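Dropping protein32.txt in here (compact mmCIF, C-alpha atoms):
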```
# COMPACT_ATOMS: atom_id res chain seq x y z
CA MET A 1 -10.60 -36.45 -46.50
CA THR A 2 -10.32 -33.64 -43.98
CA THR A 3 -10.38 -30.08 -45.31
CA THR A 4 -8.32 -27.51 -43.44
CA TYR A 5 -9.59 -23.94 -43.32
CA TYR A 6 -7.35 -21.01 -42.56
CA ARG A 7 -8.72 -17.80 -41.18
CA PHE A 8 -6.95 -14.48 -41.17
CA LYS A 9 -7.64 -12.30 -38.16
CA PRO A 10 -6.39 -8.75 -38.70
CA TYR A 11 -4.65 -6.82 -35.95
CA ASN A 12 -6.76 -4.48 -33.88
CA VAL A 13 -4.87 -1.34 -34.89
CA GLY A 14 -6.82 0.91 -32.53
CA ARG A 15 -5.99 -1.26 -29.53
CA TRP A 16 -2.29 -1.34 -30.45
CA LEU A 17 -2.28 2.45 -30.75
CA ILE A 18 -3.95 2.90 -27.37
CA TRP A 19 -1.54 0.59 -25.56
CA SER A 20 1.46 2.15 -27.31
CA LEU A 21 0.24 5.61 -26.31
CA PHE A 22 -0.25 4.41 -22.73
CA ALA A 23 3.34 3.09 -22.65
CA LEU A 24 4.69 6.34 -24.09
CA VAL A 25 2.80 8.42 -21.51
CA LEU A 26 4.24 6.29 -18.71
CA ALA A 27 7.74 6.53 -20.17
CA PHE A 28 7.89 10.26 -20.86
CA ALA A 29 5.67 11.71 -18.11
CA PRO A 30 8.66 12.50 -15.81
CA SER A 31 10.26 14.44 -18.67
CA VAL A 32 7.26 16.75 -18.81
CA PHE A 33 6.57 16.92 -15.06
CA SER A 34 10.09 16.84 -13.69
CA SER A 35 9.86 18.32 -10.18
CA ASN A 36 10.15 15.99 -7.18
CA LEU A 37 6.52 16.61 -6.21
CA SER A 38 5.33 15.89 -9.74
CA VAL A 39 7.32 12.67 -10.02
CA SER A 40 6.03 11.54 -6.63
CA MET A 41 2.46 12.32 -7.70
CA LEU A 42 2.94 10.41 -10.95
CA ALA A 43 4.13 7.37 -8.99
CA GLN A 44 1.12 7.68 -6.68
CA MET A 45 -1.16 7.83 -9.73
CA GLY A 46 0.29 4.58 -11.02
CA ILE A 47 -0.32 2.91 -7.65
CA ALA A 48 -3.87 4.32 -7.46
CA ILE A 49 -4.61 3.09 -11.00
CA ILE A 50 -3.65 -0.48 -10.04
CA ALA A 51 -5.68 -0.27 -6.81
CA CYS A 52 -8.80 1.17 -8.49
CA LEU A 53 -8.65 -1.33 -11.35
CA SER A 54 -8.33 -4.19 -8.87
CA TYR A 55 -11.34 -2.83 -7.01
CA ASN A 56 -13.24 -2.61 -10.28
CA ILE A 57 -12.85 -6.37 -10.75
CA LEU A 58 -15.23 -6.58 -7.81
CA LEU A 59 -17.50 -3.59 -8.40
CA GLY A 60 -17.67 -3.06 -12.15
CA GLN A 61 -17.10 -6.56 -13.47
CA GLY A 62 -18.60 -8.63 -10.66
CA GLY A 63 -21.22 -6.30 -9.20
CA MET A 64 -19.73 -6.77 -5.72
CA LEU A 65 -19.89 -3.59 -3.64
CA SER A 66 -16.98 -3.87 -1.22
CA PHE A 67 -16.41 -1.44 1.64
CA GLY A 68 -13.08 -2.97 2.65
CA HIS A 69 -10.76 -3.09 -0.34
CA ALA A 70 -8.08 -1.18 1.57
CA VAL A 71 -7.65 -4.30 3.70
CA TYR A 72 -5.81 -6.00 0.83
CA THR A 73 -3.79 -3.01 -0.35
CA GLY A 74 -2.94 -2.18 3.27
CA LEU A 75 -1.98 -5.67 4.38
CA GLY A 76 0.04 -6.01 1.19
CA SER A 77 1.88 -2.84 2.25
CA TYR A 78 2.57 -4.20 5.73
CA VAL A 79 3.92 -7.52 4.51
CA ALA A 80 5.97 -5.78 1.81
CA ILE A 81 7.62 -3.39 4.27
CA HIS A 82 8.39 -6.28 6.64
CA ALA A 83 10.02 -8.03 3.68
CA LEU A 84 11.98 -4.86 2.96
CA LEU A 85 13.21 -4.84 6.55
CA LYS A 86 14.27 -8.47 6.20
CA VAL A 87 16.20 -7.56 3.07
CA SER A 88 17.91 -4.72 4.99
CA ASP A 89 18.89 -7.12 7.79
CA GLY A 90 20.27 -9.66 5.33
CA ALA A 91 17.71 -12.28 6.39
CA LEU A 92 16.05 -12.28 2.96
CA ASP A 93 17.85 -12.30 -0.36
CA LEU A 94 15.36 -10.54 -2.63
CA PRO A 95 15.72 -7.59 -5.03
CA VAL A 96 13.75 -4.50 -4.11
CA SER A 97 12.09 -4.63 -7.52
CA LEU A 98 10.34 -7.88 -6.49
CA ILE A 99 9.03 -6.56 -3.16
CA PRO A 100 5.66 -5.60 -4.77
CA ILE A 101 5.20 -9.26 -5.72
CA VAL A 102 5.51 -10.09 -2.02
CA GLY A 103 2.75 -7.57 -1.36
CA GLY A 104 0.66 -9.15 -4.13
CA VAL A 105 1.05 -12.65 -2.67
CA ALA A 106 0.10 -11.26 0.76
CA GLY A 107 -2.98 -9.55 -0.67
CA MET A 108 -3.94 -12.79 -2.40
CA PHE A 109 -3.44 -14.78 0.82
CA PHE A 110 -5.72 -12.52 2.84
CA ALA A 111 -8.24 -12.49 -0.03
CA VAL A 112 -8.28 -16.30 0.11
CA LEU A 113 -8.79 -16.09 3.87
CA PHE A 114 -11.41 -13.34 4.08
CA GLY A 115 -12.95 -13.83 0.65
CA TYR A 116 -14.20 -17.32 1.43
CA VAL A 117 -16.46 -15.84 4.10
CA SER A 118 -17.32 -12.65 2.21
CA THR A 119 -18.35 -14.28 -1.08
CA LYS A 120 -20.72 -16.70 0.62
CA LYS A 121 -23.22 -13.88 0.22
CA SER A 122 -23.90 -11.36 -2.50
CA GLY A 123 -25.50 -7.94 -2.72
CA THR A 124 -26.06 -6.05 0.53
CA PRO A 125 -24.93 -8.89 2.85
CA PHE A 126 -21.62 -9.06 0.95
CA ALA A 127 -21.13 -5.30 1.38
CA MET A 128 -21.83 -5.53 5.11
CA ILE A 129 -19.42 -8.44 5.56
CA THR A 130 -16.62 -6.54 3.82
CA LEU A 131 -17.35 -3.53 6.01
CA GLY A 132 -17.11 -5.71 9.11
CA MET A 133 -13.84 -7.22 7.89
CA ALA A 134 -12.44 -3.74 7.24
CA GLU A 135 -13.34 -2.51 10.73
CA LEU A 136 -11.88 -5.67 12.26
CA VAL A 137 -8.53 -5.27 10.49
CA PHE A 138 -8.40 -1.54 11.24
CA ALA A 139 -9.00 -2.22 14.95
CA MET A 140 -6.31 -4.92 14.92
CA SER A 141 -3.85 -2.49 13.35
CA LEU A 142 -4.03 -0.36 16.51
CA MET A 143 -3.95 -3.33 18.89
CA PHE A 144 -1.11 -5.53 17.62
CA SER A 145 1.79 -3.12 17.47
CA GLU A 146 4.36 -5.93 16.97
CA PHE A 147 3.20 -6.37 13.39
CA PHE A 148 1.44 -3.11 12.61
CA GLY A 149 3.77 -0.75 14.46
CA GLY A 150 1.02 1.02 16.38
CA GLU A 151 0.13 4.62 15.59
CA ALA A 152 3.68 5.42 14.44
CA GLY A 153 3.61 2.67 11.84
CA ILE A 154 6.63 0.87 10.37
CA THR A 155 9.47 2.52 8.48
CA ALA A 156 12.10 1.02 6.23
CA ASP A 157 14.82 2.08 3.79
CA ARG A 158 14.29 1.13 0.15
CA VAL A 159 17.96 1.74 -0.71
CA VAL A 160 19.27 -1.71 0.24
CA GLY A 161 21.48 -4.27 -1.46
CA ASP A 162 23.88 -3.75 -4.32
CA PRO A 163 22.78 -1.46 -7.17
CA VAL A 164 21.63 -3.25 -10.34
CA TRP A 165 22.64 -1.35 -13.50
CA GLY A 166 23.14 1.69 -11.27
CA ILE A 167 19.57 1.54 -9.94
CA THR A 168 19.46 2.13 -6.19
CA TYR A 169 15.83 3.36 -5.89
CA GLY A 170 17.13 6.35 -4.01
CA PRO A 171 15.91 9.03 -6.44
CA ASN A 172 12.15 9.34 -6.85
CA VAL A 173 12.38 9.01 -10.62
CA GLN A 174 13.81 5.48 -10.30
CA VAL A 175 10.93 4.49 -8.04
CA TYR A 176 8.56 6.05 -10.54
CA TYR A 177 9.82 3.87 -13.37
CA LEU A 178 9.46 0.80 -11.15
CA VAL A 179 5.85 1.83 -10.48
CA ALA A 180 5.31 2.57 -14.19
CA ALA A 181 6.56 -0.88 -15.20
CA TYR A 182 4.26 -2.59 -12.69
CA THR A 183 1.39 -0.31 -13.72
CA PHE A 184 1.69 -1.21 -17.39
CA VAL A 185 1.99 -4.95 -16.72
CA CYS A 186 -0.84 -5.01 -14.15
CA VAL A 187 -3.19 -2.96 -16.33
CA ALA A 188 -2.46 -5.28 -19.26
CA LEU A 189 -3.07 -8.39 -17.13
CA MET A 190 -6.31 -7.03 -15.70
CA PHE A 191 -7.48 -6.12 -19.19
CA ALA A 192 -6.60 -9.65 -20.36
CA PHE A 193 -8.62 -11.00 -17.41
CA THR A 194 -11.73 -9.29 -18.75
CA ARG A 195 -11.32 -11.33 -21.96
CA THR A 196 -10.95 -14.70 -20.25
CA PRO A 197 -13.84 -17.16 -19.73
CA LEU A 198 -13.70 -16.40 -16.00
CA GLY A 199 -13.96 -12.68 -16.69
CA ARG A 200 -16.92 -13.23 -19.00
CA ILE A 201 -18.77 -15.50 -16.60
CA LEU A 202 -18.10 -12.95 -13.84
CA ASN A 203 -20.00 -10.40 -15.94
CA ALA A 204 -22.82 -12.92 -16.29
CA VAL A 205 -22.88 -13.45 -12.51
CA ARG A 206 -23.18 -9.69 -12.11
CA ASP A 207 -26.04 -9.40 -14.62
CA ASN A 208 -28.06 -12.57 -14.04
CA PRO A 209 -26.79 -14.92 -11.29
CA GLU A 210 -29.90 -17.11 -11.45
CA ARG A 211 -29.32 -17.98 -15.11
CA VAL A 212 -25.63 -18.67 -14.42
CA GLU A 213 -26.64 -21.12 -11.69
CA PHE A 214 -29.15 -22.68 -14.10
CA ILE A 215 -26.48 -23.44 -16.73
CA GLY A 216 -24.32 -25.18 -14.14
CA TYR A 217 -21.86 -22.63 -12.75
CA ASN A 218 -21.25 -22.07 -9.05
CA THR A 219 -21.67 -18.32 -8.64
CA GLN A 220 -20.02 -18.30 -5.22
CA LYS A 221 -16.89 -19.94 -6.66
CA VAL A 222 -16.79 -17.42 -9.52
CA ARG A 223 -17.05 -14.50 -7.08
CA TYR A 224 -14.43 -16.11 -4.84
CA LEU A 225 -11.90 -16.53 -7.66
CA ALA A 226 -12.45 -12.94 -8.79
CA PHE A 227 -12.01 -11.79 -5.19
CA ILE A 228 -8.66 -13.58 -4.97
CA ILE A 229 -7.42 -12.07 -8.24
CA ALA A 230 -8.50 -8.59 -7.09
CA GLY A 231 -6.66 -9.15 -3.79
CA PHE A 232 -3.46 -10.05 -5.65
CA PHE A 233 -3.39 -6.85 -7.70
CA ALA A 234 -4.44 -4.79 -4.67
CA GLY A 235 -1.48 -6.24 -2.76
CA ILE A 236 0.88 -5.25 -5.57
CA ALA A 237 -0.40 -1.67 -5.29
CA GLY A 238 0.21 -1.83 -1.54
CA GLY A 239 3.75 -3.15 -2.03
CA LEU A 240 4.56 -0.33 -4.43
CA GLY A 241 3.21 2.16 -1.91
CA ALA A 242 5.49 0.73 0.79
CA ILE A 243 8.52 1.24 -1.46
CA LEU A 244 7.49 4.75 -2.50
CA PHE A 245 6.72 6.14 0.96
CA GLU A 246 9.04 3.91 3.04
CA ILE A 247 6.46 3.99 5.83
CA VAL A 248 3.22 2.13 6.45
CA THR A 249 0.71 3.28 9.06
CA ALA A 250 -2.75 2.17 10.14
CA GLU A 251 -4.26 4.67 7.69
CA VAL A 252 -3.58 2.28 4.78
CA VAL A 253 -6.20 -0.18 6.08
CA GLY A 254 -8.57 2.54 7.31
CA PRO A 255 -12.10 3.29 6.13
CA LEU A 256 -11.04 6.53 4.41
CA ARG A 257 -8.81 4.59 2.01
CA SER A 258 -11.53 2.02 1.24
CA GLY A 259 -14.04 4.82 0.70
CA GLY A 260 -11.56 6.53 -1.62
CA TYR A 261 -11.30 3.46 -3.84
CA LEU A 262 -15.08 3.20 -4.02
CA LEU A 263 -15.63 6.90 -4.63
CA PHE A 264 -13.04 7.38 -7.36
CA THR A 265 -13.75 4.11 -9.14
CA PHE A 266 -17.36 5.23 -9.36
CA LEU A 267 -16.41 8.76 -10.47
CA GLY A 268 -14.11 7.40 -13.16
CA GLY A 269 -16.75 4.98 -14.42
CA ALA A 270 -17.01 1.44 -13.07
CA THR A 271 -18.76 0.08 -16.17
CA PHE A 272 -15.79 0.78 -18.46
CA PHE A 273 -12.28 -0.65 -18.13
CA PHE A 274 -10.55 2.73 -18.48
CA GLY A 275 -12.89 4.41 -15.97
CA PRO A 276 -10.88 3.40 -12.86
CA ILE A 277 -7.73 4.69 -14.59
CA ILE A 278 -9.35 8.12 -14.71
CA GLY A 279 -10.49 7.62 -11.12
CA GLY A 280 -6.97 6.76 -9.94
CA VAL A 281 -5.58 9.96 -11.44
CA LEU A 282 -8.35 12.04 -9.86
CA MET A 283 -7.80 10.31 -6.52
CA VAL A 284 -4.20 11.49 -6.30
CA LEU A 285 -5.09 15.00 -7.47
CA ALA A 286 -7.74 15.21 -4.76
CA PHE A 287 -5.72 13.66 -1.93
CA VAL A 288 -2.51 15.60 -2.69
CA LEU A 289 -3.44 18.89 -4.37
CA LEU A 290 -7.02 19.59 -3.29
CA SER A 291 -6.24 18.73 0.33
CA GLU A 292 -3.45 21.34 0.27
CA ILE A 293 -5.66 24.04 -1.26
CA THR A 294 -8.55 23.84 1.19
CA LYS A 295 -9.42 22.18 4.48
CA ALA A 296 -12.92 21.52 3.15
CA TRP A 297 -11.68 19.18 0.42
CA LEU A 298 -13.67 16.19 1.69
CA LEU A 299 -16.85 18.24 1.55
CA TYR A 300 -16.08 19.24 -2.04
CA LEU A 301 -15.52 15.58 -2.90
CA GLY A 302 -18.88 14.73 -1.40
CA LEU A 303 -20.58 17.42 -3.46
CA VAL A 304 -18.87 16.21 -6.64
CA PHE A 305 -19.95 12.65 -5.86
CA LEU A 306 -23.54 13.82 -5.29
CA PHE A 307 -23.46 15.77 -8.56
CA MET A 308 -22.20 12.75 -10.50
CA VAL A 309 -24.80 10.41 -8.98
CA MET A 310 -27.58 12.84 -9.94
CA TYR A 311 -26.46 13.83 -13.44
CA ALA A 312 -23.90 11.25 -14.65
CA PRO A 313 -24.28 7.95 -12.77
CA GLY A 314 -22.09 6.17 -15.31
CA GLY A 315 -19.05 8.23 -14.35
CA ILE A 316 -16.68 10.24 -16.49
CA ALA A 317 -15.96 7.27 -18.77
CA SER A 318 -19.65 7.00 -19.72
CA LEU A 319 -19.71 10.70 -20.64
CA ILE A 320 -16.66 10.19 -22.86
CA MET A 321 -18.14 7.15 -24.60
CA MET A 322 -21.52 8.80 -25.19
CA ASN A 323 -19.86 11.82 -26.78
CA LEU A 324 -17.61 9.63 -28.91
CA ARG A 325 -20.75 7.97 -30.25
CA VAL A 326 -22.22 11.36 -31.10
CA ALA A 327 -18.92 12.42 -32.68
CA ALA A 328 -18.88 9.25 -34.82
CA PHE A 329 -22.11 10.46 -36.45
CA GLY A 330 -20.80 14.01 -36.89
CA ARG A 331 -23.21 15.66 -34.44
CA LEU A 332 -20.85 16.68 -31.63
CA ARG A 333 -20.21 20.18 -32.98
CA GLU A 334 -23.89 21.00 -32.45
CA LEU A 335 -23.44 20.65 -28.69
CA TRP A 336 -20.44 22.86 -28.00
CA VAL A 337 -22.53 25.92 -27.12
CA SER A 338 -24.59 23.90 -24.64
CA TYR A 339 -21.46 22.39 -23.12
CA LEU A 340 -19.93 25.83 -22.75
CA ALA A 341 -23.10 27.13 -21.07
CA LEU A 342 -23.21 24.13 -18.71
CA ALA A 343 -19.56 24.64 -17.79
CA VAL A 344 -19.97 28.37 -17.12
CA THR A 345 -23.16 28.04 -15.07
CA GLY A 346 -21.73 25.07 -13.16
CA LEU A 347 -18.65 27.11 -12.37
CA VAL A 348 -20.84 29.94 -11.07
CA VAL A 349 -22.61 27.51 -8.75
CA LEU A 350 -19.25 26.19 -7.55
CA VAL A 351 -17.93 29.70 -6.85
CA GLY A 352 -20.99 30.68 -4.81
CA ALA A 353 -21.14 27.41 -2.88
CA GLY A 354 -17.37 27.43 -2.37
CA ALA A 355 -17.47 30.92 -0.87
CA MET A 356 -20.08 29.83 1.70
CA ILE A 357 -18.18 26.64 2.50
CA GLU A 358 -14.93 28.49 3.04
CA MET A 359 -16.62 31.02 5.34
CA VAL A 360 -18.20 28.23 7.40
CA TYR A 361 -14.84 26.47 7.77
CA HIS A 362 -13.16 29.76 8.68
CA LEU A 363 -15.69 30.43 11.43
CA GLN A 364 -15.27 26.93 12.82
CA LEU A 365 -11.49 26.59 12.59
CA ASN A 366 -9.90 30.04 12.27
CA SER A 367 -12.29 32.45 13.97
CA ALA A 368 -9.49 33.73 16.24
CA MET A 369 -7.73 35.14 13.16
CA GLY A 370 -10.57 37.53 12.37
CA ASP A 371 -13.43 37.24 9.93
CA ALA A 372 -11.54 37.98 6.69
CA VAL A 373 -11.36 35.10 4.20
CA ARG A 374 -9.49 35.17 0.88
CA PHE A 375 -11.33 33.18 -1.78
CA LEU A 376 -10.31 33.29 -5.46
CA GLY A 377 -8.62 36.65 -4.91
CA VAL A 378 -11.68 38.21 -3.26
CA GLU A 379 -11.80 39.17 0.41
CA LEU A 380 -14.92 37.90 2.17
CA HIS A 381 -16.02 38.67 5.72
CA ALA A 382 -17.48 35.63 7.44
CA GLN A 383 -19.31 37.66 10.07
CA GLN A 384 -20.95 40.13 7.70
CA ALA A 385 -24.35 39.48 6.11
CA THR A 386 -23.34 41.08 2.81
CA SER A 387 -20.73 38.39 2.12
CA TRP A 388 -23.22 35.62 2.89
CA PHE A 389 -25.93 37.26 0.81
CA GLY A 390 -23.58 37.74 -2.12
CA ALA A 391 -22.33 34.15 -2.01
CA ALA A 392 -25.86 32.76 -1.73
CA PHE A 393 -27.07 35.00 -4.58
CA VAL A 394 -24.26 33.81 -6.85
CA ALA A 395 -24.88 30.14 -5.98
CA LEU A 396 -28.67 30.29 -6.43
CA THR A 397 -28.45 32.34 -9.63
CA GLY A 398 -25.93 29.91 -11.05
CA LEU A 399 -28.08 26.94 -10.02
CA GLY A 400 -31.16 28.39 -11.71
CA LEU A 401 -29.27 29.12 -14.92
CA PHE A 402 -27.67 25.67 -14.79
CA GLU A 403 -31.06 23.97 -14.55
CA LEU A 404 -32.42 25.99 -17.48
CA THR A 405 -29.33 25.17 -19.53
CA ARG A 406 -29.54 21.52 -18.55
CA LYS A 407 -33.16 21.19 -19.66
CA HIS A 408 -32.33 22.76 -23.01
CA PHE A 409 -29.34 20.46 -23.37
CA LEU A 410 -31.40 17.35 -22.53
CA ALA A 411 -33.94 18.24 -25.23
CA GLN A 412 -31.17 18.81 -27.76
CA TRP A 413 -29.41 15.59 -26.70
CA SER A 414 -32.65 13.61 -27.03
CA ASP A 415 -33.22 14.89 -30.57
CA ILE A 416 -29.67 13.96 -31.59
CA GLN A 417 -30.01 10.46 -30.11
CA THR A 418 -33.29 9.96 -31.98
CA ASP A 419 -31.65 11.00 -35.24
CA ILE A 420 -28.72 8.65 -34.57
CA GLU A 421 -31.06 5.71 -33.97
CA LYS A 422 -32.88 6.48 -37.21
CA GLU A 423 -29.56 6.64 -39.05
CA ILE A 424 -28.50 3.28 -37.59
CA LYS A 425 -31.76 1.66 -38.75
CA ARG A 426 -31.39 3.23 -42.18
CA ARG A 427 -27.89 1.79 -42.53
CA GLU A 428 -29.09 -1.64 -41.44
CA THR A 429 -31.78 -1.72 -44.11
CA HIS A 430 -29.38 -0.80 -46.93
```
Can you give me the file's structure in the form of structure tokens?
Amino acid sequence: MTTTYYRFKPYNVGRWLIWSLFALVLAFAPSVFSSNLSVSMLAQMGIAIIACLSYNILLGQGGMLSFGHAVYTGLGSYVAIHALLKVSDGALDLPVSLIPIVGGVAGMFFAVLFGYVSTKKSGTPFAMITLGMAELVFAMSLMFSEFFGGEAGITADRVVGDPVWGITYGPNVQVYYLVAAYTFVCVALMFAFTRTPLGRILNAVRDNPERVEFIGYNTQKVRYLAFIIAGFFAGIAGGLGAILFEIVTAEVVGPLRSGGYLLFTFLGGATFFFGPIIGGVLMVLAFVLLSEITKAWLLYLGLVFLFMVMYAPGGIASLIMMNLRVAAFGRLRELWVSYLALAVTGLVVLVGAGAMIEMVYHLQLNSAMGDAVRFLGVELHAQQATSWFGAAFVALTGLGLFELTRKHFLAQWSDIQTDIEKEIKRRETH
């Protein structure tokens, strides 16, 4: 006689709440930020989130440092905009809402093509191969103007075909909701991928490839399959970008775009699933807002990256998770004074360093306009020693105070972590 056992698995309420909140944020964000610039930035954030999460399949989940991820987002954009032109000419009967899928298939195709060579190696050789592939594609984008459109790129009109339910994709808000729908679905699918056997074995390949080989798995095949999946989602991001901007240029396959994916995925936190989501949001803020505020925005990004590598190598997501752990044991309120001191002293360092950076850029780029520089409402004179001395004094003073505050914080943090470990052991014994 066979006995049947039934098991009840309760719903993960926290996960349902998080996904519901994510959907609500996507749905109501244009109501809060309603200007054309804001809606365009929100759409770009959705595209960047998909791109960074697809890159994190390689970096965070597979331990594959790629320097050429823009190849797959960029080629997806090119194929998508060619498809959009075909739709405009009547040669292709396809709704505009499915154009990103065309980009995804294109990204997957090129991932199949290039990934077979790239994933033959791992570690540093893999990174160098992806860099070579990226440079090759970028050079081709300037050589074969029939497909890539040369330096001017390729333009298309997204308002084609008959409207469906009144949707023409003319207004930016309609494009935003298309991006939001793809963002939600793609994020959900990539999260589901992390829970599949392939996603789990990919983590094992990242952590201990020798043991994975020992138990009978082909690590190259695992990396190759993950590379193809990442290329598909990257291509979808590229297709959405083609619809949003209605133009694709060689910049989309350039090294700056690949470096951006790497930089902001790392800043967000590659070891956590939601880290690249944070990174995608920061990427748009930096590329759109920070680049408008100052010409030295790339230098500031480099300094932020250096700061994160030195003090928070796990990214912003790791900082959030560590503090949530402290909060779960009721010890977070003990740290607010230290956090406030770190923020203030860090801001002082940024003000002093920023003043010097802005004066250097003014001397190099705008010296013909005089030596006066406006920085945070203060007039500096780039050719006077007093301005340089003042900026250096502020930066060095802030740095010294920051280091003192940081050492005090580290001692306090260490004591709290020790107490938490003791509490965990105490709970385990009772």
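Going from CA of Thr168 (chain A) to CA of Trp19 (chain A) covers 28.6 Å.
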* Selected residue of minimal separation from Ile50 (chain A) among A:Ala234, A:Val288, A:Tyr300, A:Tyr311, counting only C-alpha atoms ->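 Selected residue with least distance to Ile50 (chain A): A:Ala234.
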* Can you list, as an NGL selection string, every protein, DNA or RNA residue that comes within 9 Å of region 260-273 of chain A when you count all atoms listed in the file, leaving out same-chain residues fewer than 4 positions away? -> :A and (48 or 51-53 or 55-56 or 59-61 or 65-67 or 69-70 or 191 or 194 or 255-256 or 277-283 or 301 or 304-305 or 308-309 or 312-319)
* Pick from A:Met310, A:Ala328, A:Gly115, A:Ala395 nearest to Leu347 (chain A), counting all atoms listed in the file -> A:Ala395
* Asked: Quick one: of A:Gln417, A:Ser77, A:Asn366, A:Thr386, who's nearest to Thr249 (chain A), counting all atoms listed in the file?
  -> A:Ser77
* To do: List the neighbours of Tyr361 (chain A) out to 10 Å using all atoms listed in the file; skip same-chain residues closer than 5 positions along the sequence, and give me the result as a ChimeraX atom specification.
  => /A:294-296,356,366-367,373,382
* To do: State, in Å with one decimal place, the distance from CA of Val102 (chain A) to CA of Phe184 (chain A).
  => 18.2 Å
* **Gly370 (chain A) environment, 12 Å, only C-alpha atoms, sequence neighbours closer than 3 positions dropped, as a PyMOL selection string** => chain A and resi 359+362-367+373-374+380-384
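Taking CA of Gly377 (chain A) and CA of Ala392 (chain A) as the two end points, the separation is 18.0 Å.
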* To do: Measuring atom to atom with all atoms listed in the file, identify which of A:Leu399, A:Ala181, A:Ile420, A:Ile293 is nearest to Glu358 (chain A).
  =>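 Checking each of A:Leu399, A:Ala181, A:Ile420, A:Ile293 against Glu358 (chain A), counting all atoms listed in the file, the winner is A:Ile293.
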* Which of these residues is nearest to Lys121 (chain A), using only C-alpha atoms: A:Phe148, A:Phe409, A:Tyr176, A:Tyr224? -> A:Tyr224
* To do: Write out as number ranges by chain the residues lying within 12 Å of Val25 (chain A), counting only C-alpha atoms and excluding same-chain residues fewer than 2 positions away.
  => A: 18-23, 27-33, 42, 46, 177, 180-181, 183-184
* **Selected residue, from A:Ile99, A:Val79, A:Ala226, A:Val159, that lies nearest to Leu202 (chain A) when counting only C-alpha atoms** => A:Ala226
What would region 277-292 of chain A look like with N, CA and C atoms in place, written as a PDB file, in the coordinates of the input?
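Resulting contents of out.pdb:
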```pdb
ATOM      1  N   ILE A 277      -8.988   4.012 -14.307  1.00  0.00           N
ATOM      2  CA  ILE A 277      -7.730   4.690 -14.590  1.00  0.00           C
ATOM      3  C   ILE A 277      -7.915   6.196 -14.397  1.00  0.00           C
ATOM      4  N   ILE A 278      -9.012   6.716 -14.929  1.00  0.00           N
ATOM      5  CA  ILE A 278      -9.350   8.120 -14.710  1.00  0.00           C
ATOM      6  C   ILE A 278      -9.541   8.389 -13.212  1.00  0.00           C
ATOM      7  N   GLY A 279     -10.248   7.469 -12.549  1.00  0.00           N
ATOM      8  CA  GLY A 279     -10.490   7.620 -11.120  1.00  0.00           C
ATOM      9  C   GLY A 279      -9.212   7.632 -10.300  1.00  0.00           C
ATOM     10  N   GLY A 280      -8.240   6.785 -10.662  1.00  0.00           N
ATOM     11  CA  GLY A 280      -6.970   6.760  -9.940  1.00  0.00           C
ATOM     12  C   GLY A 280      -6.219   8.072 -10.049  1.00  0.00           C
ATOM     13  N   VAL A 281      -6.234   8.665 -11.244  1.00  0.00           N
ATOM     14  CA  VAL A 281      -5.580   9.960 -11.440  1.00  0.00           C
ATOM     15  C   VAL A 281      -6.270  11.034 -10.602  1.00  0.00           C
ATOM     16  N   LEU A 282      -7.604  11.051 -10.639  1.00  0.00           N
ATOM     17  CA  LEU A 282      -8.350  12.040  -9.860  1.00  0.00           C
ATOM     18  C   LEU A 282      -8.151  11.845  -8.360  1.00  0.00           C
ATOM     19  N   MET A 283      -7.990  10.602  -7.940  1.00  0.00           N
ATOM     20  CA  MET A 283      -7.800  10.310  -6.520  1.00  0.00           C
ATOM     21  C   MET A 283      -6.537  10.976  -5.986  1.00  0.00           C
ATOM     22  N   VAL A 284      -5.455  10.871  -6.734  1.00  0.00           N
ATOM     23  CA  VAL A 284      -4.200  11.490  -6.300  1.00  0.00           C
ATOM     24  C   VAL A 284      -4.305  13.014  -6.335  1.00  0.00           C
ATOM     25  N   LEU A 285      -4.924  13.543  -7.386  1.00  0.00           N
ATOM     26  CA  LEU A 285      -5.090  15.000  -7.470  1.00  0.00           C
ATOM     27  C   LEU A 285      -5.889  15.526  -6.284  1.00  0.00           C
ATOM     28  N   ALA A 286      -6.917  14.776  -5.885  1.00  0.00           N
ATOM     29  CA  ALA A 286      -7.740  15.210  -4.760  1.00  0.00           C
ATOM     30  C   ALA A 286      -7.003  15.078  -3.437  1.00  0.00           C
ATOM     31  N   PHE A 287      -6.360  13.924  -3.211  1.00  0.00           N
ATOM     32  CA  PHE A 287      -5.720  13.660  -1.930  1.00  0.00           C
ATOM     33  C   PHE A 287      -4.461  14.500  -1.737  1.00  0.00           C
ATOM     34  N   VAL A 288      -3.771  14.866  -2.825  1.00  0.00           N
ATOM     35  CA  VAL A 288      -2.510  15.600  -2.690  1.00  0.00           C
ATOM     36  C   VAL A 288      -2.708  17.094  -2.911  1.00  0.00           C
ATOM     37  N   LEU A 289      -3.325  17.462  -4.041  1.00  0.00           N
ATOM     38  CA  LEU A 289      -3.440  18.890  -4.370  1.00  0.00           C
ATOM     39  C   LEU A 289      -4.628  19.547  -3.684  1.00  0.00           C
ATOM     40  N   LEU A 290      -5.824  18.966  -3.849  1.00  0.00           N
ATOM     41  CA  LEU A 290      -7.020  19.590  -3.290  1.00  0.00           C
ATOM     42  C   LEU A 290      -6.941  19.699  -1.774  1.00  0.00           C
ATOM     43  N   SER A 291      -6.353  18.694  -1.122  1.00  0.00           N
ATOM     44  CA  SER A 291      -6.240  18.730   0.330  1.00  0.00           C
ATOM     45  C   SER A 291      -5.293  19.830   0.806  1.00  0.00           C
ATOM     46  N   GLU A 292      -4.355  20.245  -0.071  1.00  0.00           N
ATOM     47  CA  GLU A 292      -3.450  21.340   0.270  1.00  0.00           C
ATOM     48  C   GLU A 292      -4.097  22.705   0.038  1.00  0.00           C
TER      49      GLU A 292
END
```
